[in-house]
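As provided, coords-v8.csv (CSV, C-alpha atoms) reads as follows.
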chain,number,residue,atom,x,y,z
Y,1,MET,CA,28.0,-12.3,-35.0
Y,2,LYS,CA,27.4,-15.5,-36.9
Y,3,GLY,CA,26.3,-18.5,-34.8
Y,4,PHE,CA,26.0,-16.5,-31.6
Y,5,GLY,CA,23.0,-17.7,-29.6
Y,6,PRO,CA,21.5,-17.2,-26.1
Y,7,ALA,CA,23.7,-19.8,-24.5
Y,8,ASP,CA,26.8,-17.9,-25.8
Y,9,LEU,CA,25.3,-14.7,-24.4
Y,10,LEU,CA,24.9,-16.2,-21.0
Y,11,ASP,CA,28.5,-17.4,-21.1
Y,12,CYS,CA,29.6,-13.9,-21.9
Y,13,TYR,CA,27.7,-12.5,-18.8
Y,14,ALA,CA,29.4,-15.2,-16.7
Y,15,ARG,CA,32.7,-13.9,-17.9
Y,16,GLY,CA,31.9,-10.2,-17.4
Y,17,VAL,CA,31.3,-9.4,-21.1
Y,18,PHE,CA,28.2,-7.9,-22.6
Y,19,PRO,CA,27.0,-7.2,-26.2
Y,20,MET,CA,26.7,-3.9,-28.0
Y,21,ALA,CA,26.0,-2.6,-31.5
Y,22,GLU,CA,26.9,0.6,-33.2
Y,23,GLY,CA,23.2,1.4,-33.9
Y,24,ARG,CA,19.8,-0.1,-34.6
Y,25,ASP,CA,20.6,-0.3,-38.4
Y,26,ASP,CA,24.0,-2.0,-37.9
Y,27,PRO,CA,23.6,-5.8,-38.0
Y,28,ARG,CA,27.0,-6.4,-36.2
Y,29,ILE,CA,27.2,-7.3,-32.6
Y,30,TYR,CA,30.4,-6.8,-30.6
Y,31,LEU,CA,31.4,-7.7,-27.1
Y,32,LEU,CA,32.6,-5.3,-24.5
Y,33,GLU,CA,34.5,-5.6,-21.2
Y,34,PRO,CA,35.3,-2.1,-20.0
Y,35,ASP,CA,38.3,-1.3,-17.7
Y,36,GLU,CA,35.9,0.1,-15.1
Y,37,ARG,CA,32.4,-1.2,-14.3
Y,38,GLY,CA,29.4,0.5,-12.9
Y,39,ILE,CA,27.5,-1.2,-10.1
Y,40,LEU,CA,24.6,-0.3,-7.9
Y,41,PRO,CA,25.3,-1.6,-4.3
Y,42,LEU,CA,22.0,-3.2,-3.2
Y,43,ASP,CA,22.8,-2.6,0.5
Y,44,GLY,CA,23.6,1.0,-0.2
Y,45,PHE,CA,20.7,1.8,-2.5
Y,46,HIS,CA,19.5,5.4,-1.9
Y,47,ILE,CA,16.0,6.6,-2.7
Y,48,PRO,CA,15.6,10.4,-2.8
Y,49,ARG,CA,12.9,11.7,-0.6
Y,50,SER,CA,10.8,13.0,-3.4
Y,51,LEU,CA,10.9,9.6,-5.2
Y,52,ARG,CA,9.8,7.8,-2.0
Y,53,LYS,CA,6.7,10.0,-2.0
Y,54,THR,CA,6.1,9.1,-5.6
Y,55,VAL,CA,6.5,5.4,-5.0
Y,56,ARG,CA,4.1,5.5,-2.2
Y,57,ARG,CA,1.6,7.5,-4.2
Y,58,GLU,CA,1.6,4.8,-6.9
Y,59,PRO,CA,1.1,6.8,-10.1
Y,60,PHE,CA,1.8,3.7,-12.1
Y,61,GLU,CA,0.7,0.1,-12.2
Y,62,VAL,CA,4.0,-1.8,-11.8
Y,63,SER,CA,4.4,-5.4,-13.0
Y,64,ILE,CA,7.1,-7.8,-14.1
Y,65,ASN,CA,7.5,-9.8,-17.3
Y,66,ARG,CA,4.1,-8.9,-18.6
Y,67,ASP,CA,5.4,-7.2,-21.8
Y,68,PHE,CA,9.2,-7.9,-22.1
Y,69,ALA,CA,9.1,-7.1,-25.9
Y,70,GLY,CA,7.4,-3.8,-25.2
Y,71,VAL,CA,10.0,-2.8,-22.7
Y,72,ILE,CA,12.9,-3.7,-25.0
Y,73,ASP,CA,11.3,-1.8,-27.8
Y,74,GLY,CA,10.7,1.2,-25.5
Y,75,CYS,CA,14.4,1.1,-24.6
Y,76,ALA,CA,15.4,1.0,-28.3
Y,77,ALA,CA,13.1,3.8,-29.4
Y,78,PRO,CA,14.6,7.3,-29.8
Y,79,GLY,CA,13.9,9.7,-26.9
Y,80,ALA,CA,15.0,13.0,-25.5
Y,81,GLY,CA,18.8,13.2,-25.6
Y,82,ARG,CA,18.9,9.7,-27.2
Y,83,GLU,CA,18.6,9.7,-31.0
Y,84,GLU,CA,20.5,6.4,-31.4
Y,85,THR,CA,20.3,3.0,-29.7
Y,86,TRP,CA,22.6,0.0,-29.4
Y,87,ILE,CA,19.7,-2.4,-29.6
Y,88,ASN,CA,19.7,-3.8,-33.1
Y,89,PRO,CA,17.4,-6.6,-34.4
Y,90,GLY,CA,20.0,-9.3,-33.5
Y,91,ILE,CA,20.4,-8.1,-29.9
Y,92,ARG,CA,16.6,-7.8,-29.6
Y,93,SER,CA,16.1,-11.4,-30.7
Y,94,LEU,CA,18.8,-12.7,-28.3
Y,95,TYR,CA,17.2,-11.1,-25.3
Y,96,LEU,CA,13.7,-12.3,-26.3
Y,97,MET,CA,15.1,-15.8,-26.4
Y,98,LEU,CA,16.7,-15.3,-22.9
Y,99,HIS,CA,13.4,-14.1,-21.7
Y,100,GLU,CA,11.6,-17.1,-23.0
Y,101,ALA,CA,14.2,-19.3,-21.2
Y,102,GLY,CA,13.6,-17.5,-17.9
Y,103,TYR,CA,16.9,-15.6,-17.7
Y,104,ALA,CA,15.8,-12.1,-18.9
Y,105,HIS,CA,13.2,-10.1,-17.0
Y,106,SER,CA,11.4,-6.8,-17.3
Y,107,VAL,CA,9.8,-4.3,-14.9
Y,108,GLU,CA,7.0,-2.3,-16.5
Y,109,CYS,CA,5.2,0.9,-15.5
Y,110,ARG,CA,1.8,1.6,-16.9
Y,111,ASP,CA,-0.5,4.6,-16.8
Y,112,ALA,CA,-4.2,4.0,-17.7
Y,113,GLY,CA,-3.1,0.7,-19.3
Y,114,TYR,CA,-0.3,2.3,-21.5
Y,115,LEU,CA,3.3,1.3,-21.1
Y,116,VAL,CA,5.1,4.5,-20.0
Y,117,GLY,CA,8.4,3.2,-18.6
Y,118,GLY,CA,10.4,0.2,-17.5
Y,119,LEU,CA,13.7,-1.6,-17.6
Y,120,TYR,CA,15.0,-5.0,-18.4
Y,121,GLY,CA,18.1,-7.1,-17.6
Y,122,VAL,CA,19.5,-10.6,-17.2
Y,123,ALA,CA,19.6,-12.7,-14.1
Y,124,LEU,CA,22.4,-15.3,-13.5
Y,125,GLY,CA,22.9,-16.8,-10.1
Y,126,SER,CA,22.6,-13.9,-7.7
Y,127,ALA,CA,23.8,-11.4,-10.3
Y,128,PHE,CA,21.4,-9.1,-12.2
Y,129,PHE,CA,22.8,-7.4,-15.2
Y,130,GLY,CA,20.8,-4.2,-15.9
Y,131,GLU,CA,20.6,-3.6,-19.6
Y,132,SER,CA,18.5,-0.5,-20.3
Y,133,MET,CA,15.6,1.5,-19.1
Y,134,PHE,CA,13.2,4.1,-20.6
Y,135,SER,CA,10.6,6.6,-19.5
Y,136,ARG,CA,7.7,8.3,-21.3
Y,137,ALA,CA,6.3,9.8,-18.1
Y,138,THR,CA,8.0,11.6,-15.2
Y,139,ASP,CA,9.8,9.2,-12.8
Y,140,ALA,CA,8.5,6.0,-14.5
Y,141,SER,CA,12.0,4.5,-15.0
Y,142,LYS,CA,12.9,5.5,-11.4
Y,143,VAL,CA,9.9,3.8,-10.0
Y,144,ALA,CA,10.7,0.7,-12.0
Y,145,LEU,CA,14.2,0.7,-10.6
Y,146,VAL,CA,12.9,0.9,-7.0
Y,147,HIS,CA,10.7,-2.1,-7.7
Y,148,LEU,CA,13.6,-4.0,-9.2
Y,149,VAL,CA,15.9,-3.4,-6.3
Y,150,ALA,CA,13.1,-4.4,-3.9
Y,151,ARG,CA,12.7,-7.7,-5.8
Y,152,LEU,CA,16.5,-8.3,-6.0
Y,153,LYS,CA,17.0,-7.7,-2.3
Y,154,ALA,CA,14.0,-10.0,-1.4
Y,155,GLY,CA,15.3,-12.7,-3.7
Y,156,GLY,CA,18.8,-12.8,-2.3
Y,157,TYR,CA,20.7,-11.1,-5.1
Y,158,THR,CA,24.2,-9.8,-4.3
Y,159,LEU,CA,25.2,-7.9,-7.5
Y,160,LEU,CA,23.4,-5.3,-9.6
Y,161,ASP,CA,25.6,-4.5,-12.6
Y,162,THR,CA,24.8,-1.2,-14.4
Y,163,GLN,CA,27.7,-1.6,-16.9
Y,164,PHE,CA,28.4,2.2,-16.7
Y,165,THR,CA,27.4,4.9,-14.4
Y,166,THR,CA,25.4,8.0,-15.2
Y,167,ALA,CA,24.1,11.0,-13.2
Y,168,HIS,CA,20.7,9.3,-13.3
Y,169,LEU,CA,22.2,6.3,-11.5
Y,170,GLU,CA,24.6,8.1,-9.2
Y,171,GLN,CA,21.6,9.6,-7.3
Y,172,PHE,CA,20.8,6.1,-6.2
Y,173,GLY,CA,24.3,5.3,-5.0
Y,174,ALA,CA,25.9,3.8,-8.2
Y,175,GLU,CA,29.7,3.5,-8.1
Y,176,VAL,CA,32.6,2.5,-10.3
Y,177,ILE,CA,34.9,-0.4,-9.6
Y,178,THR,CA,37.8,-1.9,-11.5
Y,179,ARG,CA,37.5,-4.7,-13.9
Y,180,GLU,CA,39.4,-7.0,-11.5
Y,181,ALA,CA,37.1,-6.1,-8.6
Y,182,TYR,CA,34.1,-6.7,-10.7
Y,183,ARG,CA,35.3,-10.1,-11.9
Y,184,GLU,CA,35.8,-11.1,-8.2
Y,185,ARG,CA,32.3,-10.1,-7.3
Y,186,LEU,CA,30.8,-11.6,-10.4
Y,187,ALA,CA,32.5,-15.0,-9.8
Y,188,GLU,CA,31.0,-15.1,-6.3
Y,189,ALA,CA,27.6,-13.9,-7.3
Y,190,ILE,CA,27.0,-16.5,-10.1
Y,191,GLU,CA,27.6,-19.3,-7.7
Y,192,VAL,CA,24.8,-18.3,-5.4
Y,193,ASP,CA,21.2,-19.1,-6.1
Y,194,ALA,CA,18.6,-16.2,-6.1
Y,195,ASP,CA,14.9,-16.0,-6.8
Y,196,PHE,CA,13.5,-13.2,-9.0
Y,197,HIS,CA,10.0,-14.3,-8.0
Y,198,ALA,CA,10.5,-14.1,-4.2
Y,199,LEU,CA,7.9,-11.3,-4.2
Y,200,PRO,CA,4.5,-11.5,-5.9
Y,201,ASP,CA,4.5,-10.4,-9.5
Y,202,VAL,CA,2.6,-7.2,-8.5
Y,203,ILE,CA,3.4,-5.4,-5.2
Y,204,SER,CA,2.4,-2.0,-3.8
Y,205,GLY,CA,4.8,0.9,-3.5
Y,206,ASP,CA,4.8,0.5,0.3
Y,207,GLN,CA,5.7,-3.2,-0.1
Y,208,ALA,CA,8.6,-2.2,-2.4
Y,209,LEU,CA,10.0,0.3,0.1
Y,210,GLN,CA,9.5,-2.1,3.0
Y,211,SER,CA,11.4,-4.8,1.1
Y,212,ILE,CA,14.4,-2.5,0.6
Y,213,THR,CA,14.4,-1.3,4.2
Y,214,GLN,CA,13.9,-4.7,5.8
Y,215,THR,CA,16.7,-6.4,3.9
Y,216,SER,CA,19.2,-3.5,4.4
Can the structure in the file be given as structure tokens, please?
Amino acid sequence: MKGFGPADLLDCYARGVFPMAEGRDDPRIYLLEPDERGILPLDGFHIPRSLRKTVRREPFEVSINRDFAGVIDGCAAPGAGREETWINPGIRSLYLMLHEAGYAHSVECRDAGYLVGGLYGVALGSAFFGESMFSRATDASKVALVHLVARLKAGGYTLLDTQFTTAHLEQFGAEVITREAYRERLAEAIEVDADFHALPDVISGDQALQSITQTS
């Protein structure tokens, strides 16, 4: 998409549109606004009991924004059940620029210093647009999601956009709403200030769970 930069991408998010590509080797970027939208209600976020135990056990070192490029590359890499990716070099470059500008954030999970899972997305007002997640170790992406929600709730966010829903997300309470309902929620959310750094950059599993419980 010629002449399309990070400011244009932020404008797309504010209008409810997000970018996609056919594959990592396809240089084209197209914009998508589905008829139905997946969201993860922050006040109705459900953590399965087994995952609560895992979060408390802290099998991973969880951090934010320490290796944004590593997370986006992890999301773009082939994995089990995912041989192709929508993250091409143009999209990667755009999100790296948004990260440098303070709009795109990552949550990372490490084991013995190695990046084994994480997620990234874009923050605008009190809306957070989840883009992608990956996992190279059992429950790594799930733990990253719990830490993300803890941070969003503590920071005053009101909307967590997942774009689509999957069985993976439905276990946490993800639901589908119409395009019109999404636009209404988005318009309200981007007018409200929120703080991604309301919590320290590194928190414990218990702190993450407490943040979710205390702000419910």
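Distance check against Ala187 of chain Y using only C-alpha atoms: of Y:Asp139, Y:Ala14, Y:Leu94, Y:Pro6, the minimum falls on Y:Ala14.
Proximity ranking of Y:Ala69, Y:Leu209, Y:Leu169, Y:Leu159 relative to Arg56 of chain Y places Y:Leu209 first, based on all atoms listed in the file.
Between atom CA of Ala167 of chain Y and atom CA of Val146 of chain Y lies a distance of 16.3 Å.
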All residues 12 Å or closer to Phe172 of chain Y, only C-alpha atoms, same chain fewer than 6 positions away omitted, as a PyMOL selection string: chain Y and resi 39-49+51-52+142-143+145-146+149+162+165-166
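Note that atom CA of Met97 of chain Y and atom CA of Tyr13 of chain Y are 15.1 Å apart.
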Atom pair atom CA of Glu108 of chain Y / atom CA of Val62 of chain Y: separation (Å): 5.6 Å
Among the residues Y:Glu36, Y:Gly16, Y:Ala101, Y:Phe129, the one that comes closest to Glu175 of chain Y [using all atoms listed in the file]: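 Of Y:Glu36, Y:Gly16, Y:Ala101, Y:Phe129, the one nearest Glu175 of chain Y is Y:Glu36, counting all atoms listed in the file.
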Pick from Y:Asp195, Y:Glu170, Y:Glu188, Y:Asp35 nearest to His105 of chain Y, counting all atoms listed in the file: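 Under the stated criterion, the closest residue is Y:Asp195.
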Mind listing whatever residues come within 12 Å of the point (7.9, 1.1, -18.1)? Use only C-alpha atoms, file coordinates, and give them as a tab-separated table (two decimals) with C-alpha atoms, in the coordinates of the input.
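Everything below was put into part-v1.tsv:
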chain	number	residue	atom	x	y	z
Y	59	PRO	CA	1.10	6.80	-10.10
Y	60	PHE	CA	1.80	3.70	-12.10
Y	61	GLU	CA	0.70	0.10	-12.20
Y	62	VAL	CA	4.00	-1.80	-11.80
Y	63	SER	CA	4.40	-5.40	-13.00
Y	64	ILE	CA	7.10	-7.80	-14.10
Y	65	ASN	CA	7.50	-9.80	-17.30
Y	66	ARG	CA	4.10	-8.90	-18.60
Y	67	ASP	CA	5.40	-7.20	-21.80
Y	68	PHE	CA	9.20	-7.90	-22.10
Y	69	ALA	CA	9.10	-7.10	-25.90
Y	70	GLY	CA	7.40	-3.80	-25.20
Y	71	VAL	CA	10.00	-2.80	-22.70
Y	72	ILE	CA	12.90	-3.70	-25.00
Y	73	ASP	CA	11.30	-1.80	-27.80
Y	74	GLY	CA	10.70	1.20	-25.50
Y	75	CYS	CA	14.40	1.10	-24.60
Y	106	SER	CA	11.40	-6.80	-17.30
Y	107	VAL	CA	9.80	-4.30	-14.90
Y	108	GLU	CA	7.00	-2.30	-16.50
Y	109	CYS	CA	5.20	0.90	-15.50
Y	110	ARG	CA	1.80	1.60	-16.90
Y	111	ASP	CA	-0.50	4.60	-16.80
Y	113	GLY	CA	-3.10	0.70	-19.30
Y	114	TYR	CA	-0.30	2.30	-21.50
Y	115	LEU	CA	3.30	1.30	-21.10
Y	116	VAL	CA	5.10	4.50	-20.00
Y	117	GLY	CA	8.40	3.20	-18.60
Y	118	GLY	CA	10.40	0.20	-17.50
Y	119	LEU	CA	13.70	-1.60	-17.60
Y	120	TYR	CA	15.00	-5.00	-18.40
Y	132	SER	CA	18.50	-0.50	-20.30
Y	133	MET	CA	15.60	1.50	-19.10
Y	134	PHE	CA	13.20	4.10	-20.60
Y	135	SER	CA	10.60	6.60	-19.50
Y	136	ARG	CA	7.70	8.30	-21.30
Y	137	ALA	CA	6.30	9.80	-18.10
Y	138	THR	CA	8.00	11.60	-15.20
Y	139	ASP	CA	9.80	9.20	-12.80
Y	140	ALA	CA	8.50	6.00	-14.50
Y	141	SER	CA	12.00	4.50	-15.00
Y	142	LYS	CA	12.90	5.50	-11.40
Y	143	VAL	CA	9.90	3.80	-10.00
Y	144	ALA	CA	10.70	0.70	-12.00
Y	145	LEU	CA	14.20	0.70	-10.60
Y	147	HIS	CA	10.70	-2.10	-7.70
Y	148	LEU	CA	13.60	-4.00	-9.20
